[in-house]
Amino acid sequence: MTAAEARERHAALSAEIVEADAAYHGEDAPIMSDAEYDRLRRALEDIEARFPELAGTGPASASVGAKPSDTFSKVRHVVPMLSLGNAFADEEVEEFVARVRRFLNWPADRALAFTAEPKIDGLSLSLRYEEGRLVTAATRGDGEVGENVTANAREIADIPATLTGDDVPPVCEVRGEVYLSHADFAAINARQEVAGKPLFANPRNAAAGSLRQLDPSITASRPLRFFAYAWGEVSPAFEGTQAGVIERFRRWGLPVNPRMAVCEDASAMLAQYRAIEEARPDLGYDIDGVVYKVDDLALQRRLGFVSRSPRWALAHKFPAQTATTVVEAIDIQVGRTGSLNPLARLRPVTVGGVVVSNATLHNEGYVQGVGGDGEPIREGRDIRFGDTVVVLRAGDVIPKVMDVDLDKRPADAKPYVFPDVCPACGSRAVREVNPRTGRLDAIRRCTGGLICPAQGVERLKHFVSRNAFDLEGFGQTYVELLFEAGLVRQPADLFALAFEPLKAEIVKRREALSAAKRAEGEPAPKKAKKKGDDEDKAIRNLLASLDARRTIPLNRFLFALGIRHIGESTAKALAKRFSDMPALREAVAAAALQQPGPDWLALSAVPRVGPTTRDRLIAAFSLWHPHPEAAGAPPQDEVEDGKSDEEQRPGGGRLGLRLSAPQRENLLAHYGSEEEIEAAIARAAAQRPGEGYHFLADDGEIGPVATESLIDFFGEPHNAAAVDALLEAVTVEPMESAAAAAAFAGKTLVFTGTLEKMTRNEAKATAERLGAKVSGSVSAKTDLVVAGPGAGSKLKDAERLKVRVVSEDEWLALVADA
Ligand code: IVH
C-alpha cells in the first residue's frame, strides 16, 4: 500500500467507524455486528501502525481521546502554562546552575538552593480554587487556552473538591500532572480488549483519553491520579520557597510527590537525579526525567522566562530508549517550505513500549554520514536499504536512526542516491549556500514554490492547524481533498468556499471510495439513509468554523502564513511590535531596501570572527578613514575610547585592535593578506545595513534570520498577492496578550550607568516581561530612563528632553508594584 492509498483507506475506515459509533451510541441502533466493527477498528490500527503519520489524524483514530477536542469549552490561562527547557547530560545541569548564577550575579560562595523532583509522564492540568473550592479545571491546550474539563476533574479521587487550611489563598490555581499507575493502565487495557475496543499505546495516552471524555462517568471509571507541583494565578502571591509551597499544598490535601528534595548545588542535584533514576522501575508510574527548580520564589520571579520556558527550571531527561531493526525503504516527504525530508521505513519494532515503523533521517548528509560542518557522523557510516540500524526514541519526538551495523549489511546494498528533483512536482531540488556561514545548507529544497502540490498541501495544513487559524474540522483529509479537487489552492480560497461545490466534492469522493471498495471485492456498504444529512451537517460545521475565524489576532495570522523561520514565538514578537499588517509590511519593505551586502555578511562568516568583531573592525576602520561612507557610519562613541589610532587598526602590527591570534590567522587565511583584509573591511563598511534593517534584525526576539526570511517572503509578488487576497477575506486584530495589559506595555525604557542590584540582562528581561521595550539610546520617544552611578551622555539627553529619570532602587519599587 502506498502512503496515498493508506491515507484514502484511513479516511474511509474512519468515516465508517464514526458512522457506526454514532448509530451505536447516539441512536442505540447498531448498523453492524460487533465482529464487523472490530474488524474495522483493527484495520484502522493496522494502517496507523504502518503509517504512523496517520495516527491521531482521523475522527476515529485510536490515539486521540474518544472525542475530538472541539467539544470542550475553552479556558484562557491567566498565567500561561509553560514548558521546560531540556537537558540530557550532566554538564548541561552544571551549565544551568552557572547560567542562573550569572543572570542573578550571584557569587560562587553564596548559597543557591534548587528543588529536584520526578518529571511525571502524564498530562498537565490547572485547577482553579476560589475561596478553597474547585471552580475550574483546564488542560494545557496550547499553553494559553486549554479545554475546560472541570466535570471530569471532579471525578478524580486524588483531586480535592475543597482545600482545607487557614492559609489557603482566596484565588489559587494549582498545577500538576494527571497520570495513571502501571497497574491501572494494564487493567484498563485488559477491559478495552474484552470490550473489543482499541488498546492505548501507553499510560500517558490512556490518561489523556480518560480525562478528555465528554462523558464524566467514563473518567470516573478510570482511576486517574494527580501530583501537584506548580501554580498559576495565586492571590495574594506565594512567598518563600518552592519547597515551602509544595508543603502547603500537601497540608491543604493535595497529593505531592514524596521524592522531591532540596539540593544545595549541582552535584547534589545530580545525586538526586541518580537516586530517582534508580527508583524509577519501582515507582509504579511513568516518569521521564527529573525537574530542577530554583527554590527561592523571589529569585524565580527575578529570573522570569525566555520564550515559553522559565529560566529558573530545567527538565533533566532520562536517556532515550533504543532498539535494533531493519530499514525497509527510504522515502522522501516534501515539507511546507519545500524541504526534502528523508524518512526511513522500518520493520516495526517496539522501543520503550511503543511500536516504531518510521524514523527521521534528517537530511541528505545524515543519510550519507556527513554532518553540516563536513565532519563525519557515525564515523562516516551511511544508511542503506536493508541495513540493520539502531533506532532511538526520546519522549514524544519522532524516532531517529542513530547507527548502522555494518556487519549485518547485505552484500548487494547500494548507497542511497538522494534525489535532486522534487518527488512531488519534478522541479529541481537544490542545496543553497548560506550567506551567513558560506556553507551548503543541510537541507535540499524543491524549487517548485507555488507549483509544487506537496508544498501547497503542507502549507494549507499548517494554515488550518491548531496554533495557526485553528479551523476546526479541516483535518488533513479535507485539506487534501479540497486541494486535489482544485477548490482550495491558497488560504484565501478557503474563505470563498460555498455549500454546493463543497458537497459535490465530498459526494464524489465518497462514491469513488465505495466504487474502489467494490472493485476490491468488498461488499457494498450498507445503505445508510442518514448519510446525506450527516454530510450536510459536517459541511455546515466547516463553513461555520470558517466564519468564526474571519477575525484573527495578528500573531496567529503571521504564524499561519508559514513563512520560514517565523514560528509562534517570532510571530508573537512581531505582533508585539506591530499593531497591524500594513505597519509590518512597511517595516519589512524598509528593511528590504536597506539590507546588508554580501561582503558584510561574509566578514562575520570568517571562523571565529562573528558579528561583534566585524562591527568592531568596521568601527575602527571608519575612525581611521576620515571620510567613511556617510550612510550608517557608527557614532564616535561606539569606538572604544582611550586607544590611539594606531592601536585601533585591525590585524597584527599595522592592524591594531584586540583581535585574538586565531581571528587574525583566520582573516589572513580567508583574505590572503593584510591589504586584502583592509579592502574587505572597507567593502563591508560600505555594505552595512541601514536603520530599516536594524529595526527588525536587532530586535532580540526577531533577529536577522527571521528578518531576511520576511524580506524574501514579501518580496515574492505571488506571496504578497496571496496575503492580499487573504486580507480581503479576514480581519486582523492586534494580538491579545497578557503583556499588552501589563504595567509598562508599549513604554520605551533606557538603562544607563552601572546597575548594582541586577545585571543588564536581568533588567532588560524584567522590563520586557512587563511589556516594555528596552532601547539603547534616549530620544523624545523614551518614556523612562533608569540611571545608575556613572551615567553620562544618556542622562544628559534625558534631562534635556525632559524624560523621566529614576534610580535603580526607584525602578525596583516600580517593578515590585507592577
Ligand atoms: S514544572 C513553569 N514539574 O513537564 C514550569 N512540570 O516538559 C511548570 N511535568 O508541561 C512545569 N512533571 O506537564 C513541572 N515535576 C514537574 C513535572 C512537570 C511533569 C510536565 C508538565 C510540563 C512539562 C514540561
# chains A, B, ... in the order shown; residues from 1 in each chain; ligands from 1

call {"tool": "residues_near_ligand", "arguments": {"ligand": "ligand 1", "cutoff": "6 Å", "atoms": "only C-alpha atoms and all ligand atoms", "output": "list in words"}}
result
Leu82, Ser83, Leu84, Glu117, Pro118, Lys119, Ile120, Asp121, Leu123, Ser124, Glu177, Tyr229, Ala230, Val291 and Pro310 of chain A

call {"tool": "write_last_selection", "arguments": {"atoms": "N, CA, C and O atoms", "output": "mmCIF file, in the first residue's frame"}}
result
data_model
loop_
_atom_site.group_PDB
_atom_site.id
_atom_site.type_symbol
_atom_site.label_atom_id
_atom_site.label_comp_id
_atom_site.auth_asym_id
_atom_site.auth_seq_id
_atom_site.Cartn_x
_atom_site.Cartn_y
_atom_site.Cartn_z
ATOM 1 N N LEU A 82 3.502 26.848 30.802
ATOM 2 C CA LEU A 82 4.728 26.855 30.006
ATOM 3 C C LEU A 82 5.314 25.458 29.877
ATOM 4 O O LEU A 82 4.856 24.521 30.503
ATOM 5 N N SER A 83 6.345 25.384 29.064
ATOM 6 C CA SER A 83 7.070 24.118 29.001
ATOM 7 C C SER A 83 8.433 24.319 29.657
ATOM 8 O O SER A 83 8.745 25.406 30.119
ATOM 9 N N LEU A 84 9.228 23.274 29.673
ATOM 10 C CA LEU A 84 10.513 23.341 30.372
ATOM 11 C C LEU A 84 11.654 23.167 29.383
ATOM 12 O O LEU A 84 11.540 22.398 28.430
ATOM 13 N N GLU A 117 12.865 16.917 41.578
ATOM 14 C CA GLU A 117 11.709 16.028 41.755
ATOM 15 C C GLU A 117 11.460 15.259 40.468
ATOM 16 O O GLU A 117 11.895 15.689 39.393
ATOM 17 N N PRO A 118 10.743 14.143 40.537
ATOM 18 C CA PRO A 118 10.474 13.369 39.325
ATOM 19 C C PRO A 118 9.659 14.180 38.316
ATOM 20 O O PRO A 118 8.799 14.981 38.703
ATOM 21 N N LYS A 119 9.953 13.974 37.046
ATOM 22 C CA LYS A 119 9.147 14.569 35.981
ATOM 23 C C LYS A 119 8.132 13.513 35.576
ATOM 24 O O LYS A 119 8.482 12.478 35.003
ATOM 25 N N ILE A 120 6.873 13.774 35.905
ATOM 26 C CA ILE A 120 5.817 12.787 35.690
ATOM 27 C C ILE A 120 5.417 12.782 34.222
ATOM 28 O O ILE A 120 5.205 13.835 33.624
ATOM 29 N N ASP A 121 5.287 11.581 33.637
ATOM 30 C CA ASP A 121 4.936 11.490 32.226
ATOM 31 C C ASP A 121 3.415 11.323 32.095
ATOM 32 O O ASP A 121 2.916 10.229 31.874
ATOM 33 N N LEU A 123 -0.275 14.212 31.754
ATOM 34 C CA LEU A 123 -0.652 15.451 31.076
ATOM 35 C C LEU A 123 -0.958 16.504 32.126
ATOM 36 O O LEU A 123 -1.479 16.182 33.208
ATOM 37 N N SER A 124 -0.599 17.744 31.811
ATOM 38 C CA SER A 124 -0.712 18.738 32.871
ATOM 39 C C SER A 124 -2.125 19.295 32.946
ATOM 40 O O SER A 124 -2.874 19.348 31.967
ATOM 41 N N GLU A 177 0.217 17.190 37.371
ATOM 42 C CA GLU A 177 0.162 16.194 36.303
ATOM 43 C C GLU A 177 -0.882 15.130 36.626
ATOM 44 O O GLU A 177 -0.902 14.591 37.744
ATOM 45 N N TYR A 229 2.559 20.209 41.462
ATOM 46 C CA TYR A 229 3.971 20.611 41.514
ATOM 47 C C TYR A 229 4.215 22.073 41.127
ATOM 48 O O TYR A 229 5.349 22.529 41.102
ATOM 49 N N ALA A 230 3.169 22.807 40.757
ATOM 50 C CA ALA A 230 3.381 24.191 40.311
ATOM 51 C C ALA A 230 2.081 24.954 40.498
ATOM 52 O O ALA A 230 1.082 24.404 40.988
ATOM 53 N N VAL A 291 12.959 17.172 37.355
ATOM 54 C CA VAL A 291 12.808 18.619 37.150
ATOM 55 C C VAL A 291 13.518 19.352 38.292
ATOM 56 O O VAL A 291 13.295 19.039 39.467
ATOM 57 N N PRO A 310 10.527 28.738 31.764
ATOM 58 C CA PRO A 310 11.106 29.542 32.843
ATOM 59 C C PRO A 310 12.628 29.404 32.856
ATOM 60 O O PRO A 310 13.153 28.324 32.607
#

call {"tool": "residues_around", "arguments": {"residues": "Val75 in chain A", "least_positions_apart": "5", "cutoff": "8 Å", "atoms": "only C-alpha atoms", "output": "PyMOL selection string"}}
result
chain A and resi 138+145-148

call {"tool": "atom_distance", "arguments": {"atom1": "CA of Gly610 in chain A", "atom2": "CA of Ala682 in chain A"}}
result
16.7 Å

call {"tool": "atom_distance", "arguments": {"atom1": "CA of Ala6 in chain A", "atom2": "CA of Ala55 in chain A"}}
result
11.4 Å

call {"tool": "residues_around", "arguments": {"residues": "Arg345 in chain A", "least_positions_apart": "6", "cutoff": "10 Å", "atoms": "only C-alpha atoms", "output": "CSV table (one decimal) with all heavy atoms, in the first residue's frame"}}
result
chain,number,residue,atom,x,y,z
A,50,ARG,N,1.4,1.0,10.5
A,50,ARG,CA,2.3,1.0,9.3
A,50,ARG,C,2.6,2.5,8.9
A,50,ARG,O,3.6,2.7,8.3
A,50,ARG,CB,1.7,0.2,8.2
A,50,ARG,CG,1.8,-1.3,8.5
A,50,ARG,CD,1.0,-2.1,7.6
A,50,ARG,NE,1.4,-2.0,6.2
A,50,ARG,CZ,0.7,-2.4,5.2
A,50,ARG,NH1,-0.5,-2.9,5.4
A,50,ARG,NH2,1.1,-2.2,3.9
A,51,PHE,N,1.6,3.4,9.1
A,51,PHE,CA,1.8,4.8,8.6
A,51,PHE,C,1.5,5.7,9.8
A,51,PHE,O,0.5,6.3,9.9
A,51,PHE,CB,0.8,5.1,7.5
A,51,PHE,CG,1.1,4.3,6.2
A,51,PHE,CD1,0.5,3.1,6.1
A,51,PHE,CD2,2.0,4.7,5.2
A,51,PHE,CE1,0.7,2.3,5.0
A,51,PHE,CE2,2.2,4.0,4.1
A,51,PHE,CZ,1.6,2.7,4.0
A,326,VAL,N,15.4,-3.2,10.9
A,326,VAL,CA,15.9,-3.2,9.5
A,326,VAL,C,15.3,-2.1,8.7
A,326,VAL,O,14.1,-1.9,8.9
A,326,VAL,CB,15.7,-4.5,8.9
A,326,VAL,CG1,16.1,-4.5,7.4
A,326,VAL,CG2,16.5,-5.6,9.6
A,327,VAL,N,16.0,-1.4,7.9
A,327,VAL,CA,15.5,-0.3,7.0
A,327,VAL,C,14.9,-1.0,5.8
A,327,VAL,O,15.6,-1.7,5.1
A,327,VAL,CB,16.6,0.6,6.5
A,327,VAL,CG1,16.0,1.6,5.5
A,327,VAL,CG2,17.2,1.3,7.7
A,328,GLU,N,13.5,-0.8,5.6
A,328,GLU,CA,12.9,-1.5,4.5
A,328,GLU,C,12.8,-0.6,3.3
A,328,GLU,O,12.6,-1.0,2.2
A,328,GLU,CB,11.5,-2.0,4.9
A,328,GLU,CG,11.7,-3.1,6.0
A,328,GLU,CD,10.4,-3.9,6.3
A,328,GLU,OE1,9.4,-3.2,6.4
A,328,GLU,OE2,10.5,-5.1,6.6
A,329,ALA,N,12.8,0.7,3.5
A,329,ALA,CA,12.7,1.7,2.4
A,329,ALA,C,13.2,3.0,2.9
A,329,ALA,O,13.2,3.3,4.1
A,329,ALA,CB,11.3,1.8,1.9
A,330,ILE,N,13.6,3.9,2.0
A,330,ILE,CA,13.8,5.3,2.4
A,330,ILE,C,12.9,6.1,1.5
A,330,ILE,O,12.9,6.0,0.2
A,330,ILE,CB,15.3,5.7,2.1
A,330,ILE,CG1,16.2,4.9,3.1
A,330,ILE,CG2,15.5,7.2,2.4
A,330,ILE,CD1,17.7,5.1,2.9
A,331,ASP,N,12.0,6.9,2.1
A,331,ASP,CA,11.1,7.7,1.4
A,331,ASP,C,11.4,9.2,1.6
A,331,ASP,O,12.1,9.5,2.5
A,331,ASP,CB,9.6,7.5,1.9
A,331,ASP,CG,9.0,6.2,1.4
A,331,ASP,OD1,9.6,5.6,0.6
A,331,ASP,OD2,7.9,5.9,1.9
A,356,VAL,N,7.5,1.3,16.6
A,356,VAL,CA,8.0,2.3,15.8
A,356,VAL,C,8.2,1.7,14.4
A,356,VAL,O,8.7,0.6,14.3
A,356,VAL,CB,9.4,2.8,16.3
A,356,VAL,CG1,10.2,3.6,15.3
A,356,VAL,CG2,9.2,3.6,17.6
A,357,SER,N,7.7,2.4,13.3
A,357,SER,CA,7.9,1.8,12.0
A,357,SER,C,8.5,2.9,11.0
A,357,SER,O,8.7,2.6,9.9
A,357,SER,CB,6.7,1.2,11.4
A,357,SER,OG,5.6,2.0,11.6
A,358,ASN,N,8.6,4.1,11.5
A,358,ASN,CA,9.2,5.2,10.7
A,358,ASN,C,10.3,5.9,11.6
A,358,ASN,O,10.1,6.0,12.8
A,358,ASN,CB,8.2,6.3,10.4
A,358,ASN,CG,7.2,5.9,9.4
A,358,ASN,OD1,7.6,5.1,8.5
A,358,ASN,ND2,6.0,6.4,9.4
A,359,ALA,N,11.3,6.4,10.9
A,359,ALA,CA,12.3,7.2,11.7
A,359,ALA,C,12.8,8.3,10.8
A,359,ALA,O,13.0,8.1,9.6
A,359,ALA,CB,13.4,6.3,12.2
A,360,THR,N,13.1,9.4,11.4
A,360,THR,CA,13.6,10.5,10.5
A,360,THR,C,15.1,10.3,10.2
A,360,THR,O,15.8,9.7,11.0
A,360,THR,CB,13.4,11.9,11.2
A,360,THR,OG1,14.0,12.9,10.3
A,360,THR,CG2,14.0,12.0,12.5
A,385,PHE,N,19.2,0.9,2.1
A,385,PHE,CA,18.1,-0.1,2.2
A,385,PHE,C,18.7,-1.4,2.8
A,385,PHE,O,19.8,-1.8,2.3
A,385,PHE,CB,17.5,-0.5,0.8
A,385,PHE,CG,16.9,0.6,0.1
A,385,PHE,CD1,17.2,0.8,-1.3
A,385,PHE,CD2,16.1,1.5,0.7
A,385,PHE,CE1,16.7,1.8,-2.0
A,385,PHE,CE2,15.5,2.6,-0.1
A,385,PHE,CZ,15.8,2.7,-1.4

call {"tool": "select_by_dssp", "arguments": {"residues": "range 300-424 of chain A", "states": "alpha helix (DSSP H)", "output": "PyMOL selection string"}}
result
chain A and resi 300-303+364-368

call {"tool": "write_last_selection", "arguments": {"atoms": "C-alpha atoms", "output": "mmCIF file, in the first residue's frame"}}
result
data_model
loop_
_atom_site.group_PDB
_atom_site.id
_atom_site.type_symbol
_atom_site.label_atom_id
_atom_site.label_comp_id
_atom_site.auth_asym_id
_atom_site.auth_seq_id
_atom_site.Cartn_x
_atom_site.Cartn_y
_atom_site.Cartn_z
ATOM 1 C CA GLN A 300 12.236 32.689 40.398
ATOM 2 C CA ARG A 301 10.456 35.986 39.840
ATOM 3 C CA ARG A 302 13.675 37.782 39.013
ATOM 4 C CA LEU A 303 14.725 35.053 36.613
ATOM 5 C CA GLU A 364 20.918 14.123 2.815
ATOM 6 C CA GLY A 365 24.172 14.460 4.775
ATOM 7 C CA TYR A 366 22.724 12.486 7.646
ATOM 8 C CA VAL A 367 21.947 9.560 5.311
ATOM 9 C CA GLN A 368 25.440 9.747 3.861
#

call {"tool": "residues_around", "arguments": {"residues": "Ala413 in chain A", "least_positions_apart": "4", "cutoff": "9 Å", "atoms": "only C-alpha atoms", "output": "PyMOL selection string"}}
result
chain A and resi 384-387+409

call {"tool": "atom_distance", "arguments": {"atom1": "CA of Leu603 in chain A", "atom2": "CA of Ala587 in chain A"}}
result
25.8 Å

call {"tool": "residues_around", "arguments": {"residues": "Asp158 in chain A", "least_positions_apart": "6", "cutoff": "8 Å", "atoms": "only C-alpha atoms", "output": "MDAnalysis selection string"}}
result
chainID A and resid 224:226 254:255

call {"tool": "residues_around", "arguments": {"residues": "range 557-563 of chain A", "least_positions_apart": "4", "cutoff": "7 Å", "atoms": "only C-alpha atoms", "output": "PDB file with C-alpha atoms, in the first residue's frame"}}
result
ATOM      1  CA  ARG A 459       1.180  24.991   3.667  1.00  0.00           C
ATOM      2  CA  HIS A 462      -0.205  24.373   8.516  1.00  0.00           C
ATOM      3  CA  PHE A 463      -2.633  27.206   7.865  1.00  0.00           C
ATOM      4  CA  ALA A 468      -2.493  28.877  13.301  1.00  0.00           C
ATOM      5  CA  PHE A 469      -6.079  29.523  12.100  1.00  0.00           C
ATOM      6  CA  ILE A 552      -7.955  36.733  13.898  1.00  0.00           C
ATOM      7  CA  PRO A 553      -5.148  38.103  16.091  1.00  0.00           C
ATOM      8  CA  GLY A 567       7.453  30.217  14.364  1.00  0.00           C
ATOM      9  CA  GLU A 568       4.943  31.002  17.049  1.00  0.00           C
ATOM     10  CA  ALA A 571       5.151  35.731  15.234  1.00  0.00           C
ATOM     11  CA  PHE A 713       8.639  36.167   1.547  1.00  0.00           C
TER      12      PHE A 713
END

call {"tool": "residues_around", "arguments": {"residues": "Arg99 in chain A", "least_positions_apart": "6", "cutoff": "12 Å", "atoms": "only C-alpha atoms", "output": "short mmCIF file (atom, residue, chain, number, x, y, z; two decimals) with N, CA and C atoms, in the first residue's frame"}}
result
data_model
loop_
_atom_site.label_atom_id
_atom_site.label_comp_id
_atom_site.auth_asym_id
_atom_site.auth_seq_id
_atom_site.Cartn_x
_atom_site.Cartn_y
_atom_site.Cartn_z
N GLU A 91 26.71 17.82 32.30
CA GLU A 91 27.33 19.15 32.10
C GLU A 91 26.25 20.22 31.86
N GLU A 92 25.17 19.81 31.20
CA GLU A 92 24.11 20.79 30.93
C GLU A 92 23.44 21.24 32.22
N VAL A 93 23.43 20.35 33.22
CA VAL A 93 22.85 20.73 34.51
C VAL A 93 23.79 21.72 35.20
N ASN A 105 23.79 37.42 38.99
CA ASN A 105 25.03 37.99 39.51
C ASN A 105 25.28 37.47 40.92
N TRP A 106 25.15 36.18 41.09
CA TRP A 106 25.15 35.52 42.40
C TRP A 106 26.54 34.94 42.63
N PRO A 107 27.28 35.44 43.60
CA PRO A 107 28.65 34.97 43.76
C PRO A 107 28.73 33.48 44.05
N ALA A 108 29.85 32.87 43.67
CA ALA A 108 30.01 31.41 43.78
C ALA A 108 29.88 30.95 45.24
N ALA A 266 24.99 21.72 42.19
CA ALA A 266 24.80 20.84 41.04
C ALA A 266 25.09 19.39 41.40
N VAL A 294 14.67 26.54 40.89
CA VAL A 294 15.27 27.42 41.88
C VAL A 294 14.30 27.48 43.06
N LEU A 303 14.22 35.78 37.78
CA LEU A 303 14.73 35.05 36.61
C LEU A 303 13.74 35.09 35.45
N ARG A 311 13.32 30.52 33.16
CA ARG A 311 14.78 30.46 33.30
C ARG A 311 15.17 29.73 34.57
N TRP A 312 14.21 29.59 35.50
CA TRP A 312 14.54 29.06 36.81
C TRP A 312 14.30 27.56 36.94
N ALA A 313 13.94 26.90 35.85
CA ALA A 313 13.68 25.46 35.93
C ALA A 313 14.30 24.74 34.75
N LEU A 314 14.54 23.45 34.95
CA LEU A 314 15.14 22.64 33.89
C LEU A 314 14.63 21.21 34.03
N ASN A 761 21.15 42.26 31.69
CA ASN A 761 20.26 41.25 31.10
C ASN A 761 19.00 41.07 31.90
N GLU A 762 19.19 41.02 33.21
CA GLU A 762 18.03 40.80 34.06
C GLU A 762 17.10 42.00 34.00
#

call {"tool": "closest_residue", "arguments": {"among": "A:Ala548, A:Ala228, A:Leu487, A:Leu554", "to": "Gly253 in chain A", "atoms": "only C-alpha atoms"}}
result
A:Ala228

call {"tool": "select_by_dssp", "arguments": {"residues": "range 140-383 of chain A", "states": "strand (DSSP E or B)", "output": "ChimeraX atom specification"}}
result
/A:145-148,162,171-179,181,225-235,241,261-263,285,287-294,296,305-306,309-310,313-317,321-334,339-351,354-360,370,376

call {"tool": "closest_residue", "arguments": {"among": "A:Thr731, A:Asn202, A:Thr325, A:Gln490", "to": "Asp580 in chain A", "atoms": "only C-alpha atoms"}}
result
A:Thr731

call {"tool": "closest_residue", "arguments": {"among": "A:Phe249, A:Ala207, A:Glu484, A:Ala195", "to": "Pro160 in chain A", "atoms": "only C-alpha atoms"}}
result
A:Phe249

call {"tool": "decode", "arguments": {"residues": "range 213-231 of chain A", "atoms": "N, CA, C and O atoms", "output": "PDB file, in the first residue's frame"}}
result
ATOM      1  N   GLN A 213     -12.830  13.193  28.096  1.00  0.00           N
ATOM      2  CA  GLN A 213     -14.047  12.465  27.767  1.00  0.00           C
ATOM      3  C   GLN A 213     -15.214  13.402  27.940  1.00  0.00           C
ATOM      4  O   GLN A 213     -15.297  14.096  28.947  1.00  0.00           O
ATOM      5  N   LEU A 214     -16.122  13.379  26.980  1.00  0.00           N
ATOM      6  CA  LEU A 214     -17.292  14.235  27.148  1.00  0.00           C
ATOM      7  C   LEU A 214     -18.182  13.736  28.270  1.00  0.00           C
ATOM      8  O   LEU A 214     -18.865  14.495  28.928  1.00  0.00           O
ATOM      9  N   ASP A 215     -18.123  12.425  28.477  1.00  0.00           N
ATOM     10  CA  ASP A 215     -18.982  11.836  29.495  1.00  0.00           C
ATOM     11  C   ASP A 215     -18.162  11.609  30.775  1.00  0.00           C
ATOM     12  O   ASP A 215     -17.321  10.722  30.827  1.00  0.00           O
ATOM     13  N   PRO A 216     -18.392  12.429  31.813  1.00  0.00           N
ATOM     14  CA  PRO A 216     -17.564  12.331  33.020  1.00  0.00           C
ATOM     15  C   PRO A 216     -17.632  10.963  33.681  1.00  0.00           C
ATOM     16  O   PRO A 216     -16.725  10.594  34.413  1.00  0.00           O
ATOM     17  N   SER A 217     -18.687  10.192  33.388  1.00  0.00           N
ATOM     18  CA  SER A 217     -18.770   8.891  34.051  1.00  0.00           C
ATOM     19  C   SER A 217     -17.671   7.961  33.514  1.00  0.00           C
ATOM     20  O   SER A 217     -17.237   7.040  34.205  1.00  0.00           O
ATOM     21  N   ILE A 218     -17.220   8.217  32.292  1.00  0.00           N
ATOM     22  CA  ILE A 218     -16.103   7.398  31.784  1.00  0.00           C
ATOM     23  C   ILE A 218     -14.831   7.758  32.547  1.00  0.00           C
ATOM     24  O   ILE A 218     -14.076   6.884  32.972  1.00  0.00           O
ATOM     25  N   THR A 219     -14.623   9.068  32.751  1.00  0.00           N
ATOM     26  CA  THR A 219     -13.460   9.474  33.549  1.00  0.00           C
ATOM     27  C   THR A 219     -13.538   8.823  34.931  1.00  0.00           C
ATOM     28  O   THR A 219     -12.549   8.327  35.457  1.00  0.00           O
ATOM     29  N   ALA A 220     -14.744   8.833  35.493  1.00  0.00           N
ATOM     30  CA  ALA A 220     -14.907   8.291  36.836  1.00  0.00           C
ATOM     31  C   ALA A 220     -14.518   6.820  36.901  1.00  0.00           C
ATOM     32  O   ALA A 220     -14.014   6.343  37.916  1.00  0.00           O
ATOM     33  N   SER A 221     -14.720   6.117  35.776  1.00  0.00           N
ATOM     34  CA  SER A 221     -14.431   4.681  35.786  1.00  0.00           C
ATOM     35  C   SER A 221     -12.932   4.392  35.598  1.00  0.00           C
ATOM     36  O   SER A 221     -12.518   3.246  35.625  1.00  0.00           O
ATOM     37  N   ARG A 222     -12.143   5.430  35.375  1.00  0.00           N
ATOM     38  CA  ARG A 222     -10.699   5.227  35.163  1.00  0.00           C
ATOM     39  C   ARG A 222      -9.954   5.857  36.348  1.00  0.00           C
ATOM     40  O   ARG A 222     -10.088   7.058  36.587  1.00  0.00           O
ATOM     41  N   PRO A 223      -9.168   5.077  37.062  1.00  0.00           N
ATOM     42  CA  PRO A 223      -8.557   5.587  38.312  1.00  0.00           C
ATOM     43  C   PRO A 223      -7.390   6.545  38.063  1.00  0.00           C
ATOM     44  O   PRO A 223      -6.241   6.236  38.349  1.00  0.00           O
ATOM     45  N   LEU A 224      -7.706   7.734  37.568  1.00  0.00           N
ATOM     46  CA  LEU A 224      -6.655   8.719  37.310  1.00  0.00           C
ATOM     47  C   LEU A 224      -6.083   9.233  38.626  1.00  0.00           C
ATOM     48  O   LEU A 224      -6.781   9.319  39.628  1.00  0.00           O
ATOM     49  N   ARG A 225      -4.806   9.602  38.588  1.00  0.00           N
ATOM     50  CA  ARG A 225      -4.146  10.154  39.771  1.00  0.00           C
ATOM     51  C   ARG A 225      -3.606  11.548  39.449  1.00  0.00           C
ATOM     52  O   ARG A 225      -3.576  11.953  38.284  1.00  0.00           O
ATOM     53  N   PHE A 226      -3.133  12.213  40.477  1.00  0.00           N
ATOM     54  CA  PHE A 226      -2.675  13.592  40.283  1.00  0.00           C
ATOM     55  C   PHE A 226      -1.537  13.910  41.230  1.00  0.00           C
ATOM     56  O   PHE A 226      -1.559  13.473  42.387  1.00  0.00           O
ATOM     57  N   PHE A 227      -0.523  14.629  40.745  1.00  0.00           N
ATOM     58  CA  PHE A 227       0.508  15.225  41.597  1.00  0.00           C
ATOM     59  C   PHE A 227       0.516  16.731  41.367  1.00  0.00           C
ATOM     60  O   PHE A 227       0.567  17.172  40.217  1.00  0.00           O
ATOM     61  N   ALA A 228       0.514  17.517  42.438  1.00  0.00           N
ATOM     62  CA  ALA A 228       0.606  18.972  42.310  1.00  0.00           C
ATOM     63  C   ALA A 228       2.072  19.375  42.403  1.00  0.00           C
ATOM     64  O   ALA A 228       2.788  18.897  43.290  1.00  0.00           O
ATOM     65  N   TYR A 229       2.559  20.209  41.462  1.00  0.00           N
ATOM     66  CA  TYR A 229       3.971  20.611  41.514  1.00  0.00           C
ATOM     67  C   TYR A 229       4.215  22.073  41.127  1.00  0.00           C
ATOM     68  O   TYR A 229       5.349  22.529  41.102  1.00  0.00           O
ATOM     69  N   ALA A 230       3.169  22.807  40.757  1.00  0.00           N
ATOM     70  CA  ALA A 230       3.381  24.191  40.311  1.00  0.00           C
ATOM     71  C   ALA A 230       2.081  24.954  40.498  1.00  0.00           C
ATOM     72  O   ALA A 230       1.082  24.404  40.988  1.00  0.00           O
ATOM     73  N   TRP A 231       2.058  26.221  40.094  1.00  0.00           N
ATOM     74  CA  TRP A 231       0.840  27.006  40.234  1.00  0.00           C
ATOM     75  C   TRP A 231       0.770  28.086  39.179  1.00  0.00           C
ATOM     76  O   TRP A 231       1.770  28.453  38.559  1.00  0.00           O
TER      77      TRP A 231
END
